[in-house]
>>> print(open('query39.cif').read())   # mmCIF, C-alpha atoms and all ligand atoms
data_input
loop_
_atom_site.label_atom_id
_atom_site.label_comp_id
_atom_site.auth_asym_id
_atom_site.auth_seq_id
_atom_site.Cartn_x
_atom_site.Cartn_y
_atom_site.Cartn_z
CA MET C 1 -20.63 19.47 64.56
CA LYS C 2 -17.60 21.64 64.09
CA LEU C 3 -16.87 23.16 60.74
CA ARG C 4 -13.65 21.14 60.31
CA HIS C 5 -15.75 17.93 60.37
CA PHE C 6 -17.46 19.06 57.22
CA ALA C 7 -14.24 19.59 55.30
CA PRO C 8 -13.58 15.91 54.31
CA ILE C 9 -17.23 15.52 53.28
CA ALA C 10 -17.04 18.63 51.14
CA VAL C 11 -13.83 17.37 49.51
CA ALA C 12 -15.36 13.96 48.83
CA LEU C 13 -18.47 15.56 47.37
CA SER C 14 -16.50 17.80 45.06
CA PHE C 15 -14.45 14.80 43.88
CA ALA C 16 -17.65 12.90 43.16
CA ALA C 17 -19.08 15.86 41.25
CA ALA C 18 -15.87 16.23 39.24
CA SER C 19 -15.78 12.58 38.30
CA LEU C 20 -19.48 12.65 37.37
CA LEU C 21 -18.81 15.63 35.14
CA ALA C 22 -15.79 13.92 33.61
CA SER C 23 -17.77 10.76 32.85
CA ALA C 24 -20.55 12.86 31.35
CA GLN C 25 -17.95 14.37 29.02
CA GLN C 26 -16.24 11.09 28.17
CA PRO C 27 -17.10 10.24 24.60
CA ILE C 28 -18.71 6.92 23.79
CA VAL C 29 -16.03 4.92 21.97
CA ILE C 30 -16.86 2.73 18.98
CA LYS C 31 -13.99 0.45 18.06
CA PHE C 32 -14.44 -0.46 14.39
CA SER C 33 -12.14 -3.29 13.37
CA HIS C 34 -11.61 -4.57 9.84
CA VAL C 35 -9.13 -6.62 7.85
CA VAL C 36 -8.53 -4.70 4.61
CA ALA C 37 -6.29 -1.77 3.67
CA VAL C 38 -7.47 1.81 4.24
CA ASP C 39 -7.31 2.44 0.50
CA THR C 40 -10.19 0.11 -0.41
CA PRO C 41 -13.98 0.57 -0.61
CA LYS C 42 -14.47 -0.75 2.96
CA GLY C 43 -11.41 1.03 4.34
CA LYS C 44 -12.55 4.37 2.93
CA ALA C 45 -16.15 3.88 3.99
CA ALA C 46 -15.07 3.12 7.57
CA GLU C 47 -13.08 6.38 7.67
CA TYR C 48 -16.05 8.22 6.20
CA PHE C 49 -18.34 6.79 8.88
CA LYS C 50 -15.90 7.92 11.57
CA LYS C 51 -15.93 11.47 10.22
CA VAL C 52 -19.70 11.76 9.80
CA ALA C 53 -20.53 10.00 13.08
CA GLU C 54 -18.20 12.25 15.10
CA GLU C 55 -19.53 15.37 13.39
CA LYS C 56 -23.18 14.44 13.84
CA THR C 57 -22.77 13.54 17.50
CA LYS C 58 -20.63 16.66 18.10
CA GLY C 59 -17.86 14.63 19.63
CA ARG C 60 -20.07 12.63 22.00
CA VAL C 61 -19.04 9.56 20.01
CA LYS C 62 -15.46 8.73 19.08
CA VAL C 63 -14.95 6.13 16.36
CA GLU C 64 -11.60 4.36 16.39
CA VAL C 65 -10.99 2.52 13.12
CA TYR C 66 -8.49 -0.34 13.18
CA PRO C 67 -7.75 -1.47 9.59
CA ASN C 68 -5.58 -4.26 8.14
CA SER C 69 -6.29 -6.94 10.79
CA GLN C 70 -4.34 -4.68 13.18
CA LEU C 71 -6.56 -5.66 16.08
CA TYR C 72 -8.12 -8.96 15.02
CA LYS C 73 -8.04 -11.41 12.14
CA ASP C 74 -11.24 -12.69 10.49
CA LYS C 75 -12.37 -15.25 13.03
CA GLU C 76 -11.24 -13.36 16.11
CA GLU C 77 -13.03 -10.18 15.13
CA MET C 78 -16.40 -11.97 15.15
CA GLU C 79 -15.68 -13.30 18.63
CA ALA C 80 -14.47 -9.88 19.78
CA LEU C 81 -17.73 -8.30 18.63
CA GLN C 82 -19.84 -10.81 20.51
CA LEU C 83 -17.72 -10.36 23.64
CA GLY C 84 -17.97 -6.58 23.32
CA SER C 85 -14.20 -6.01 22.90
CA VAL C 86 -15.05 -4.12 19.69
CA GLN C 87 -18.38 -2.54 18.85
CA MET C 88 -18.48 -2.47 15.05
CA LEU C 89 -17.28 -4.63 12.15
CA ALA C 90 -17.96 -4.98 8.45
CA PRO C 91 -17.06 -8.60 7.68
CA SER C 92 -17.44 -10.03 4.24
CA LEU C 93 -20.78 -11.79 3.73
CA ALA C 94 -18.78 -14.98 3.22
CA LYS C 95 -17.76 -14.96 6.89
CA PHE C 96 -21.13 -15.21 8.62
CA GLY C 97 -21.40 -19.01 8.51
CA PRO C 98 -19.41 -19.57 11.72
CA LEU C 99 -21.91 -17.27 13.49
CA GLY C 100 -24.68 -19.64 12.48
CA ALA C 101 -26.01 -17.21 9.86
CA ARG C 102 -25.48 -19.50 6.89
CA GLU C 103 -27.99 -17.73 4.69
CA PHE C 104 -25.47 -14.93 4.10
CA GLU C 105 -23.48 -17.39 2.01
CA ALA C 106 -26.17 -16.96 -0.66
CA PHE C 107 -24.19 -13.89 -1.71
CA ASP C 108 -21.25 -16.16 -2.61
CA LEU C 109 -23.21 -18.24 -5.11
CA PRO C 110 -21.57 -18.20 -8.55
CA PHE C 111 -23.10 -15.81 -11.07
CA ILE C 112 -26.15 -15.09 -8.89
CA PHE C 113 -25.80 -11.33 -9.52
CA ASP C 114 -25.19 -9.98 -13.01
CA ASP C 115 -24.22 -6.56 -11.77
CA TYR C 116 -24.52 -4.10 -8.86
CA ALA C 117 -28.10 -3.25 -9.88
CA SER C 118 -29.33 -6.81 -9.44
CA LEU C 119 -27.39 -7.12 -6.17
CA HIS C 120 -28.97 -3.92 -4.83
CA ARG C 121 -32.44 -5.28 -5.50
CA VAL C 122 -31.58 -7.76 -2.75
CA THR C 123 -29.46 -5.71 -0.35
CA GLU C 124 -31.65 -2.60 -0.50
CA GLY C 125 -34.98 -4.40 -0.47
CA PRO C 126 -37.06 -6.53 1.91
CA VAL C 127 -34.94 -9.68 1.40
CA GLY C 128 -31.79 -7.92 2.59
CA ARG C 129 -33.59 -6.24 5.49
CA ALA C 130 -34.96 -9.58 6.67
CA MET C 131 -31.48 -11.12 6.48
CA LEU C 132 -29.99 -8.39 8.67
CA GLY C 133 -32.92 -8.79 11.07
CA ARG C 134 -32.13 -12.45 11.61
CA LEU C 135 -28.78 -11.50 13.19
CA GLU C 136 -30.57 -10.12 16.26
CA SER C 137 -30.91 -13.60 17.75
CA LYS C 138 -27.09 -13.89 17.68
CA GLY C 139 -26.67 -10.73 19.78
CA ILE C 140 -25.79 -8.73 16.67
CA THR C 141 -27.55 -5.82 14.99
CA GLY C 142 -27.08 -5.54 11.24
CA LEU C 143 -26.97 -1.92 10.13
CA ALA C 144 -26.22 -1.96 6.42
CA PHE C 145 -24.76 -3.71 3.41
CA TRP C 146 -21.62 -2.17 1.90
CA ASP C 147 -20.40 -3.05 -1.57
CA ASN C 148 -17.04 -4.21 -2.67
CA GLY C 149 -17.32 -5.86 -6.06
CA PHE C 150 -17.09 -8.76 -8.43
CA LYS C 151 -14.27 -11.24 -8.05
CA VAL C 152 -11.36 -12.13 -10.29
CA MET C 153 -9.52 -15.47 -10.12
CA SER C 154 -5.73 -15.58 -9.96
CA ALA C 155 -2.94 -18.13 -10.11
CA ASN C 156 0.53 -18.56 -11.57
CA LYS C 157 -0.98 -20.19 -14.63
CA PRO C 158 -3.67 -18.84 -16.96
CA LEU C 159 -7.20 -19.78 -15.81
CA LYS C 160 -9.35 -19.77 -18.92
CA GLN C 161 -11.25 -23.05 -18.73
CA PRO C 162 -12.66 -24.84 -15.69
CA ALA C 163 -10.18 -27.65 -16.42
CA ASP C 164 -7.32 -25.21 -15.73
CA PHE C 165 -8.22 -25.32 -12.02
CA ARG C 166 -7.65 -29.02 -11.69
CA GLY C 167 -5.22 -29.80 -8.89
CA LEU C 168 -4.77 -26.18 -7.78
CA LYS C 169 -4.93 -25.26 -4.13
CA MET C 170 -7.09 -22.13 -3.89
CA ARG C 171 -7.46 -19.87 -0.85
CA ILE C 172 -11.04 -19.13 0.10
CA GLN C 173 -12.89 -17.32 2.86
CA SER C 174 -14.70 -19.48 5.44
CA SER C 175 -17.80 -20.11 3.31
CA LYS C 176 -19.14 -23.53 2.42
CA VAL C 177 -20.46 -22.08 -0.84
CA LEU C 178 -16.94 -21.03 -1.82
CA ASP C 179 -15.66 -24.45 -0.80
CA SER C 180 -18.23 -26.02 -3.11
CA GLU C 181 -17.35 -23.52 -5.88
CA MET C 182 -13.66 -24.48 -5.86
CA ARG C 183 -14.47 -28.19 -5.75
CA ALA C 184 -16.84 -27.78 -8.71
CA LEU C 185 -13.88 -26.40 -10.64
CA GLY C 186 -11.68 -29.33 -9.62
CA ALA C 187 -9.52 -27.26 -7.25
CA THR C 188 -8.79 -27.89 -3.57
CA PRO C 189 -10.14 -25.09 -1.39
CA GLN C 190 -8.14 -23.88 1.58
CA VAL C 191 -9.77 -21.60 4.16
CA MET C 192 -7.35 -18.95 5.35
CA ALA C 193 -7.50 -15.58 7.12
CA PHE C 194 -7.23 -12.63 4.76
CA SER C 195 -4.09 -11.32 6.48
CA GLU C 196 -2.23 -14.54 5.61
CA VAL C 197 -3.01 -14.73 1.91
CA TYR C 198 -0.07 -12.78 0.51
CA GLN C 199 2.48 -14.91 2.30
CA ALA C 200 0.66 -18.13 1.45
CA LEU C 201 0.74 -17.19 -2.23
CA GLN C 202 4.36 -16.13 -2.02
CA THR C 203 5.53 -19.33 -0.39
CA GLY C 204 3.32 -21.61 -2.49
CA VAL C 205 1.17 -22.80 0.43
CA VAL C 206 -1.69 -22.02 -1.98
CA ASP C 207 -1.55 -21.63 -5.75
CA GLY C 208 -4.24 -19.07 -6.30
CA THR C 209 -7.16 -17.12 -4.94
CA GLU C 210 -10.22 -14.98 -5.69
CA ASN C 211 -11.08 -11.45 -4.65
CA PRO C 212 -12.22 -8.16 -6.18
CA PRO C 213 -9.33 -6.14 -7.69
CA SER C 214 -9.31 -3.64 -4.79
CA ASN C 215 -8.28 -6.36 -2.35
CA PHE C 216 -5.98 -8.03 -4.86
CA TYR C 217 -4.01 -4.84 -5.47
CA THR C 218 -3.88 -3.42 -1.94
CA GLN C 219 -2.63 -6.76 -0.56
CA LYS C 220 0.06 -6.72 -3.28
CA MET C 221 -1.11 -10.06 -4.64
CA HIS C 222 -0.02 -8.87 -8.10
CA GLU C 223 3.56 -9.34 -6.86
CA VAL C 224 2.98 -13.05 -6.33
CA GLN C 225 0.38 -14.02 -8.96
CA LYS C 226 1.29 -14.10 -12.65
CA TYR C 227 -2.25 -14.32 -14.07
CA LEU C 228 -5.60 -12.83 -13.21
CA THR C 229 -8.85 -13.71 -14.98
CA LEU C 230 -11.68 -11.19 -15.21
CA SER C 231 -14.29 -13.81 -14.49
CA ASP C 232 -16.81 -11.82 -12.42
CA HIS C 233 -17.93 -15.23 -11.21
CA GLY C 234 -19.12 -14.03 -7.83
CA TYR C 235 -19.66 -11.06 -5.58
CA LEU C 236 -17.86 -9.93 -2.43
CA GLY C 237 -19.48 -7.39 -0.12
CA TYR C 238 -20.06 -6.65 3.54
CA ALA C 239 -22.62 -6.32 6.30
CA VAL C 240 -21.89 -3.62 8.84
CA ILE C 241 -22.72 -5.06 12.23
CA VAL C 242 -22.68 -3.88 15.84
CA ASN C 243 -22.89 -5.57 19.20
CA LYS C 244 -26.64 -5.50 19.93
CA LYS C 245 -26.32 -4.85 23.66
CA PHE C 246 -24.05 -1.89 23.00
CA TRP C 247 -26.32 -0.52 20.27
CA ASP C 248 -29.53 -0.88 22.28
CA GLY C 249 -27.85 0.71 25.30
CA LEU C 250 -26.93 3.93 23.48
CA PRO C 251 -28.89 7.10 24.28
CA THR C 252 -31.73 7.32 21.76
CA ASP C 253 -30.57 10.57 20.16
CA ILE C 254 -27.03 9.17 19.69
CA ARG C 255 -28.35 5.97 18.14
CA GLU C 256 -30.46 7.99 15.72
CA GLN C 257 -27.56 10.19 14.68
CA LEU C 258 -25.35 7.14 14.18
CA GLY C 259 -28.10 5.63 12.07
CA VAL C 260 -28.09 8.70 9.85
CA ALA C 261 -24.27 8.60 9.67
CA MET C 262 -24.49 4.93 8.63
CA LYS C 263 -27.01 5.75 5.88
CA GLU C 264 -24.70 8.43 4.49
CA SER C 265 -21.66 6.14 4.73
CA THR C 266 -23.53 3.38 2.93
CA ARG C 267 -24.38 5.75 0.09
CA TYR C 268 -20.71 6.73 -0.06
CA ALA C 269 -19.42 3.14 0.10
CA ASN C 270 -21.70 1.98 -2.67
CA ALA C 271 -20.91 5.01 -4.82
CA ILE C 272 -17.15 4.45 -4.75
CA ALA C 273 -16.94 0.63 -4.93
CA ALA C 274 -17.03 0.24 -8.72
CA THR C 275 -14.56 3.03 -9.42
CA GLU C 276 -12.20 1.85 -6.66
CA ASN C 277 -12.12 -1.61 -8.22
CA ALA C 278 -11.61 -0.22 -11.73
CA ALA C 279 -8.73 1.93 -10.48
CA ALA C 280 -7.16 -1.06 -8.67
CA LEU C 281 -7.36 -3.15 -11.83
CA GLU C 282 -5.71 -0.33 -13.77
CA ALA C 283 -2.93 -0.24 -11.14
CA VAL C 284 -2.39 -4.00 -11.46
CA LYS C 285 -2.17 -3.59 -15.23
CA LYS C 286 0.32 -0.75 -14.84
CA SER C 287 2.51 -2.80 -12.50
CA GLY C 288 3.17 -5.15 -15.41
CA LYS C 289 3.52 -8.03 -12.95
CA THR C 290 0.23 -9.81 -13.49
CA GLN C 291 -1.16 -10.60 -16.90
CA ILE C 292 -4.88 -9.80 -17.10
CA LEU C 293 -7.02 -12.27 -19.02
CA SER C 294 -10.57 -11.91 -20.30
CA LEU C 295 -12.95 -14.78 -21.04
CA THR C 296 -14.58 -15.27 -24.42
CA PRO C 297 -18.38 -15.79 -24.33
CA ALA C 298 -17.78 -19.54 -24.86
CA GLU C 299 -15.30 -19.70 -21.98
CA LYS C 300 -17.67 -17.77 -19.73
CA SER C 301 -20.45 -20.23 -20.59
CA ALA C 302 -18.17 -23.11 -19.64
CA TRP C 303 -17.54 -21.50 -16.23
CA ARG C 304 -21.27 -20.97 -15.70
CA ALA C 305 -22.02 -24.56 -16.68
CA ALA C 306 -19.35 -25.91 -14.32
CA LEU C 307 -20.44 -23.75 -11.41
CA VAL C 308 -24.23 -23.83 -11.52
CA LYS C 309 -24.32 -27.08 -9.55
CA VAL C 310 -23.14 -25.14 -6.49
CA HIS C 311 -26.62 -23.57 -6.28
CA LYS C 312 -28.32 -26.94 -5.96
CA ASP C 313 -25.60 -28.36 -3.68
CA GLN C 314 -25.96 -25.48 -1.22
CA GLU C 315 -29.72 -25.00 -1.40
CA GLY C 316 -30.28 -26.98 1.81
CA ARG C 317 -27.71 -24.96 3.70
CA ILE C 318 -28.95 -21.56 2.58
CA GLY C 319 -32.65 -22.31 2.53
CA LYS C 320 -34.78 -22.96 -0.54
CA ASP C 321 -37.27 -20.17 0.16
CA LEU C 322 -34.57 -17.56 0.64
CA LEU C 323 -32.85 -18.69 -2.53
CA GLN C 324 -36.08 -18.44 -4.50
CA SER C 325 -36.73 -14.94 -3.18
CA ILE C 326 -33.22 -13.88 -4.25
CA TYR C 327 -33.66 -15.42 -7.72
CA LYS C 328 -36.91 -13.50 -8.03
CA GLU C 329 -35.05 -10.24 -7.46
CA THR C 330 -32.02 -11.01 -9.62
CA GLY C 331 -33.56 -13.04 -12.42
CA PHE C 332 -30.97 -15.81 -12.08
CA ASN C 333 -32.33 -19.12 -13.27
CA PRO C 334 -30.27 -22.16 -12.29
CA ALA C 335 -32.02 -24.13 -15.04
CA LYS C 336 -30.58 -21.73 -17.61
CA PRO C 337 -27.19 -20.72 -16.27
C1 LIG C 401 -11.23 -11.87 2.21
O1 LIG C 401 -11.00 -12.47 3.26
O2 LIG C 401 -10.79 -12.21 1.12
C2 LIG C 401 -12.14 -10.64 2.24
O3 LIG C 401 -13.23 -10.95 3.03
C3 LIG C 401 -11.47 -9.46 2.82
C4 LIG C 401 -12.44 -8.33 2.96
O4 LIG C 401 -12.86 -8.06 4.07
O5 LIG C 401 -12.71 -7.71 1.93
#
>>> encode(input="query39.cif", output="structure tokens")
Amino acid sequence: MKLRHFAPIAVALSFAAASLLASAQQPIVIKFSHVVAVDTPKGKAAEYFKKVAEEKTKGRVKVEVYPNSQLYKDKEEMEALQLGSVQMLAPSLAKFGPLGAREFEAFDLPFIFDDYASLHRVTEGPVGRAMLGRLESKGITGLAFWDNGFKVMSANKPLKQPADFRGLKMRIQSSKVLDSEMRALGATPQVMAFSEVYQALQTGVVDGTENPPSNFYTQKMHEVQKYLTLSDHGYLGYAVIVNKKFWDGLPTDIREQLGVAMKESTRYANAIAATENAAALEAVKKSGKTQILSLTPAEKSAWRAALVKVHKDQEGRIGKDLLQSIYKETGFNPAKP
């Protein structure tokens, strides 16, 4: 064969080599979608994970964070993760029901956690680990729990007694426990995507809502809610989840480094959550637009008495055994709310 016959083969081979090299150098992209502002515990922790993950993998992984429902709203982001359109999310624990993981709604139960310490006995112990493990059958790998905080209630009227909720339309996340909570207070729950809450409050589609102060302030809810009650009646936090197929398909060393990055980010998230919420509450106070109300011990007892029935109502949905194992960690006793 003449030399000129080799030329096209040589060209093709060098193209193939170049494209192989290029694909070897292409970073693995992790699209991390979430619905809150950057300046929140979850928003900051996602950015922190990006930084640590990219450093630890020396650029072999690129994390693209999409905050503020930029890419997907609540429901769509779950579907996108399962389809593989995004690789990582950190949805609120109140949003796992539609996936068929109803037991995560245990975290929404009123007054089940007194403080972060009692919560961490669950999320950082065997009960939490087992809960994350059960996501595997849904094609999802649960990597960690990230804190946000304890919720306040808001409306355009003061909410001091359970009777004050009567007739109010209250926005909730898609959790049956939260539905039951609002009904126990005599309110009408309305499930709504997080990105739509501000406008719904502004236009009167709903009268009030619940969230930790960090979400309340960064969504500017203080502009459209006259009263906020420091009720600490429930917890809102997250599970960081990845598409299982994607995660299992990563090179082992990359998966390990990402695991370490996730551990560090979890430490960071949980270290900043309380102070972020305190700062947000301070900012609401400073705005002068929302009056902040505290509950007297008698008022708090009335809330606990009105809401304890939610535990019994939802026991079948969450699972009696799981509930008992959480009570054992937190010390909550539904017989003595
Ligand atoms: C909400 O929908 O109120 C929260 O889940 C938002 C969030 O992710 O913190």
>>> atom_distance(input="query39.cif", atom1="CA of Gln324 in chain C", atom2="CA of Asp179 in chain C")
21.6 Å
>>> closest_atom_pairs(input="query39.cif", of="chain C", to="ligand LIG 401 (chain C)", cutoff="6 Å", atoms="only C-alpha atoms and all ligand atoms", output="CSV")
residue,atom,partner,partner_atom,distance
C:Val35,CA,C:LIG401,O4,5.5
C:Val36,CA,C:LIG401,O4,5.5
C:Pro91,CA,C:LIG401,O4,5.6
C:Ser92,CA,C:LIG401,O3,4.5
C:Gln173,CA,C:LIG401,O1,5.2
C:Phe194,CA,C:LIG401,O1,4.1
C:Asn211,CA,C:LIG401,O2,5.8
>>> closest_residue(input="query39.cif", among="C:Lys160, C:Lys73, C:Lys176, C:Lys51", to="Ala94 in chain C", atoms="all atoms listed in the file")
C:Lys176
>>> closest_atom_pairs(input="query39.cif", of="range 41-123 of chain C", to="range 233-251 of chain C", cutoff="10 Å", atoms="all atoms listed in the file", output="CSV")
residue,atom,partner,partner_atom,distance
C:Pro41,CA,C:Gly237,CA,9.7
C:Lys42,CA,C:Tyr238,CA,8.1
C:Ala46,CA,C:Val240,CA,9.7
C:Met78,CA,C:Ile241,CA,9.8
C:Ala80,CA,C:Asn243,CA,9.5
C:Leu81,CA,C:Asn243,CA,5.9
C:Gln82,CA,C:Asn243,CA,6.2
C:Leu83,CA,C:Asn243,CA,8.3
C:Gly84,CA,C:Asn243,CA,6.5
C:Ser85,CA,C:Asn243,CA,9.5
C:Val86,CA,C:Asn243,CA,8.0
C:Gln87,CA,C:Val242,CA,5.4
C:Met88,CA,C:Val242,CA,4.5
C:Leu89,CA,C:Ile241,CA,5.5
C:Ala90,CA,C:Val240,CA,4.2
C:Pro91,CA,C:Tyr238,CA,5.5
C:Ser92,CA,C:Tyr238,CA,4.3
C:Leu93,CA,C:Tyr238,CA,5.2
C:Ala94,CA,C:Leu236,CA,7.6
C:Lys95,CA,C:Tyr238,CA,9.3
C:Phe96,CA,C:Ala239,CA,9.3
C:Phe104,CA,C:Ala239,CA,9.3
C:Phe107,CA,C:Tyr235,CA,6.6
C:Asp108,CA,C:Gly234,CA,6.0
C:Leu109,CA,C:Gly234,CA,6.5
C:Pro110,CA,C:Gly234,CA,4.9
C:Phe111,CA,C:His233,CA,5.2
C:Ile112,CA,C:Gly234,CA,7.2
C:Phe113,CA,C:Tyr235,CA,7.3
C:Asp114,CA,C:Gly234,CA,8.9
C:Asp115,CA,C:Tyr235,CA,8.9
C:Tyr116,CA,C:Tyr235,CA,9.1
C:Leu119,CA,C:Tyr235,CA,8.7
C:Thr123,CA,C:Ala239,CA,9.6
>>> atom_distance(input="query39.cif", atom1="CA of Gln202 in chain C", atom2="CA of Tyr66 in chain C")
25.4 Å
>>> closest_residue(input="query39.cif", among="C:Ser175, C:Ser180, C:Ser214, C:Thr57", to="Val152 in chain C", atoms="only C-alpha atoms")
C:Ser214
>>> atom_distance(input="query39.cif", atom1="CA of Gln291 in chain C", atom2="CA of Gly208 in chain C")
13.9 Å
>>> closest_residue(input="query39.cif", among="C:Val122, C:Val65, C:Val29, C:Ile254", to="Leu323 in chain C", atoms="all atoms listed in the file")
C:Val122
>>> closest_residue(input="query39.cif", among="C:Arg129, C:Arg60, C:Lys31, C:Arg102", to="Arg317 in chain C", atoms="all atoms listed in the file")
C:Arg102
>>> residues_near_point(input="query39.cif", point="(-12.2, 6.3, 3.8)", cutoff="12 Å", atoms="all atoms listed in the file", output="ChimeraX atom specification")
/C:36-52,65,67,265-266,268-269,272-273,276
>>> closest_residue(input="query39.cif", among="C:Ala193, C:Asn333, C:Glu54, C:Met262", to="Tyr72 in chain C", atoms="only C-alpha atoms")
C:Ala193
>>> closest_residue(input="query39.cif", among="C:Lys58, C:Lys157, C:Arg171, C:His34", to="Gln257 in chain C", atoms="all atoms listed in the file")
C:Lys58
>>> build_atoms(input="query39.cif", residues="range 102-124 of chain C", atoms="N, CA and C atoms", output="short mmCIF file (atom, residue, chain, number, x, y, z; two decimals), in the coordinates of the input")
data_model
loop_
_atom_site.label_atom_id
_atom_site.label_comp_id
_atom_site.auth_asym_id
_atom_site.auth_seq_id
_atom_site.Cartn_x
_atom_site.Cartn_y
_atom_site.Cartn_z
N ARG C 102 -25.93 -18.91 8.16
CA ARG C 102 -25.48 -19.50 6.89
C ARG C 102 -26.11 -18.86 5.67
N GLU C 103 -27.29 -18.26 5.86
CA GLU C 103 -27.99 -17.73 4.69
C GLU C 103 -27.21 -16.61 4.01
N PHE C 104 -26.26 -15.99 4.74
CA PHE C 104 -25.47 -14.93 4.10
C PHE C 104 -24.57 -15.48 3.00
N GLU C 105 -24.32 -16.78 3.05
CA GLU C 105 -23.48 -17.39 2.01
C GLU C 105 -24.18 -17.42 0.65
N ALA C 106 -25.46 -17.08 0.63
CA ALA C 106 -26.17 -16.96 -0.66
C ALA C 106 -25.46 -15.95 -1.56
N PHE C 107 -24.88 -14.93 -0.92
CA PHE C 107 -24.19 -13.89 -1.71
C PHE C 107 -22.96 -14.43 -2.43
N ASP C 108 -22.45 -15.58 -1.98
CA ASP C 108 -21.25 -16.16 -2.61
C ASP C 108 -21.58 -17.03 -3.81
N LEU C 109 -22.86 -17.31 -4.03
CA LEU C 109 -23.21 -18.24 -5.11
C LEU C 109 -22.72 -17.73 -6.47
N PRO C 110 -22.12 -18.62 -7.26
CA PRO C 110 -21.57 -18.20 -8.55
C PRO C 110 -22.64 -17.59 -9.46
N PHE C 111 -22.30 -16.47 -10.04
CA PHE C 111 -23.10 -15.81 -11.07
C PHE C 111 -24.52 -15.44 -10.63
N ILE C 112 -24.78 -15.39 -9.34
CA ILE C 112 -26.15 -15.09 -8.89
C ILE C 112 -26.54 -13.63 -9.17
N PHE C 113 -25.53 -12.74 -9.19
CA PHE C 113 -25.80 -11.33 -9.52
C PHE C 113 -25.07 -10.98 -10.83
N ASP C 114 -25.82 -10.39 -11.75
CA ASP C 114 -25.19 -9.98 -13.01
C ASP C 114 -24.38 -8.71 -12.83
N ASP C 115 -24.85 -7.87 -11.94
CA ASP C 115 -24.22 -6.56 -11.77
C ASP C 115 -24.66 -5.96 -10.42
N TYR C 116 -24.17 -4.75 -10.13
CA TYR C 116 -24.52 -4.10 -8.86
C TYR C 116 -26.03 -3.86 -8.77
N ALA C 117 -26.66 -3.56 -9.91
CA ALA C 117 -28.10 -3.25 -9.88
C ALA C 117 -28.90 -4.45 -9.38
N SER C 118 -28.54 -5.64 -9.88
CA SER C 118 -29.33 -6.81 -9.44
C SER C 118 -29.00 -7.15 -7.98
N LEU C 119 -27.76 -6.92 -7.57
CA LEU C 119 -27.39 -7.12 -6.17
C LEU C 119 -28.20 -6.18 -5.26
N HIS C 120 -28.29 -4.92 -5.68
CA HIS C 120 -28.97 -3.92 -4.83
C HIS C 120 -30.47 -4.20 -4.69
N ARG C 121 -31.04 -4.91 -5.66
CA ARG C 121 -32.44 -5.28 -5.50
C ARG C 121 -32.61 -6.19 -4.27
N VAL C 122 -31.54 -6.91 -3.94
CA VAL C 122 -31.58 -7.76 -2.75
C VAL C 122 -31.17 -6.97 -1.50
N THR C 123 -29.99 -6.34 -1.57
CA THR C 123 -29.46 -5.71 -0.35
C THR C 123 -30.27 -4.49 0.08
N GLU C 124 -30.90 -3.81 -0.86
CA GLU C 124 -31.65 -2.60 -0.50
C GLU C 124 -33.16 -2.84 -0.42
#
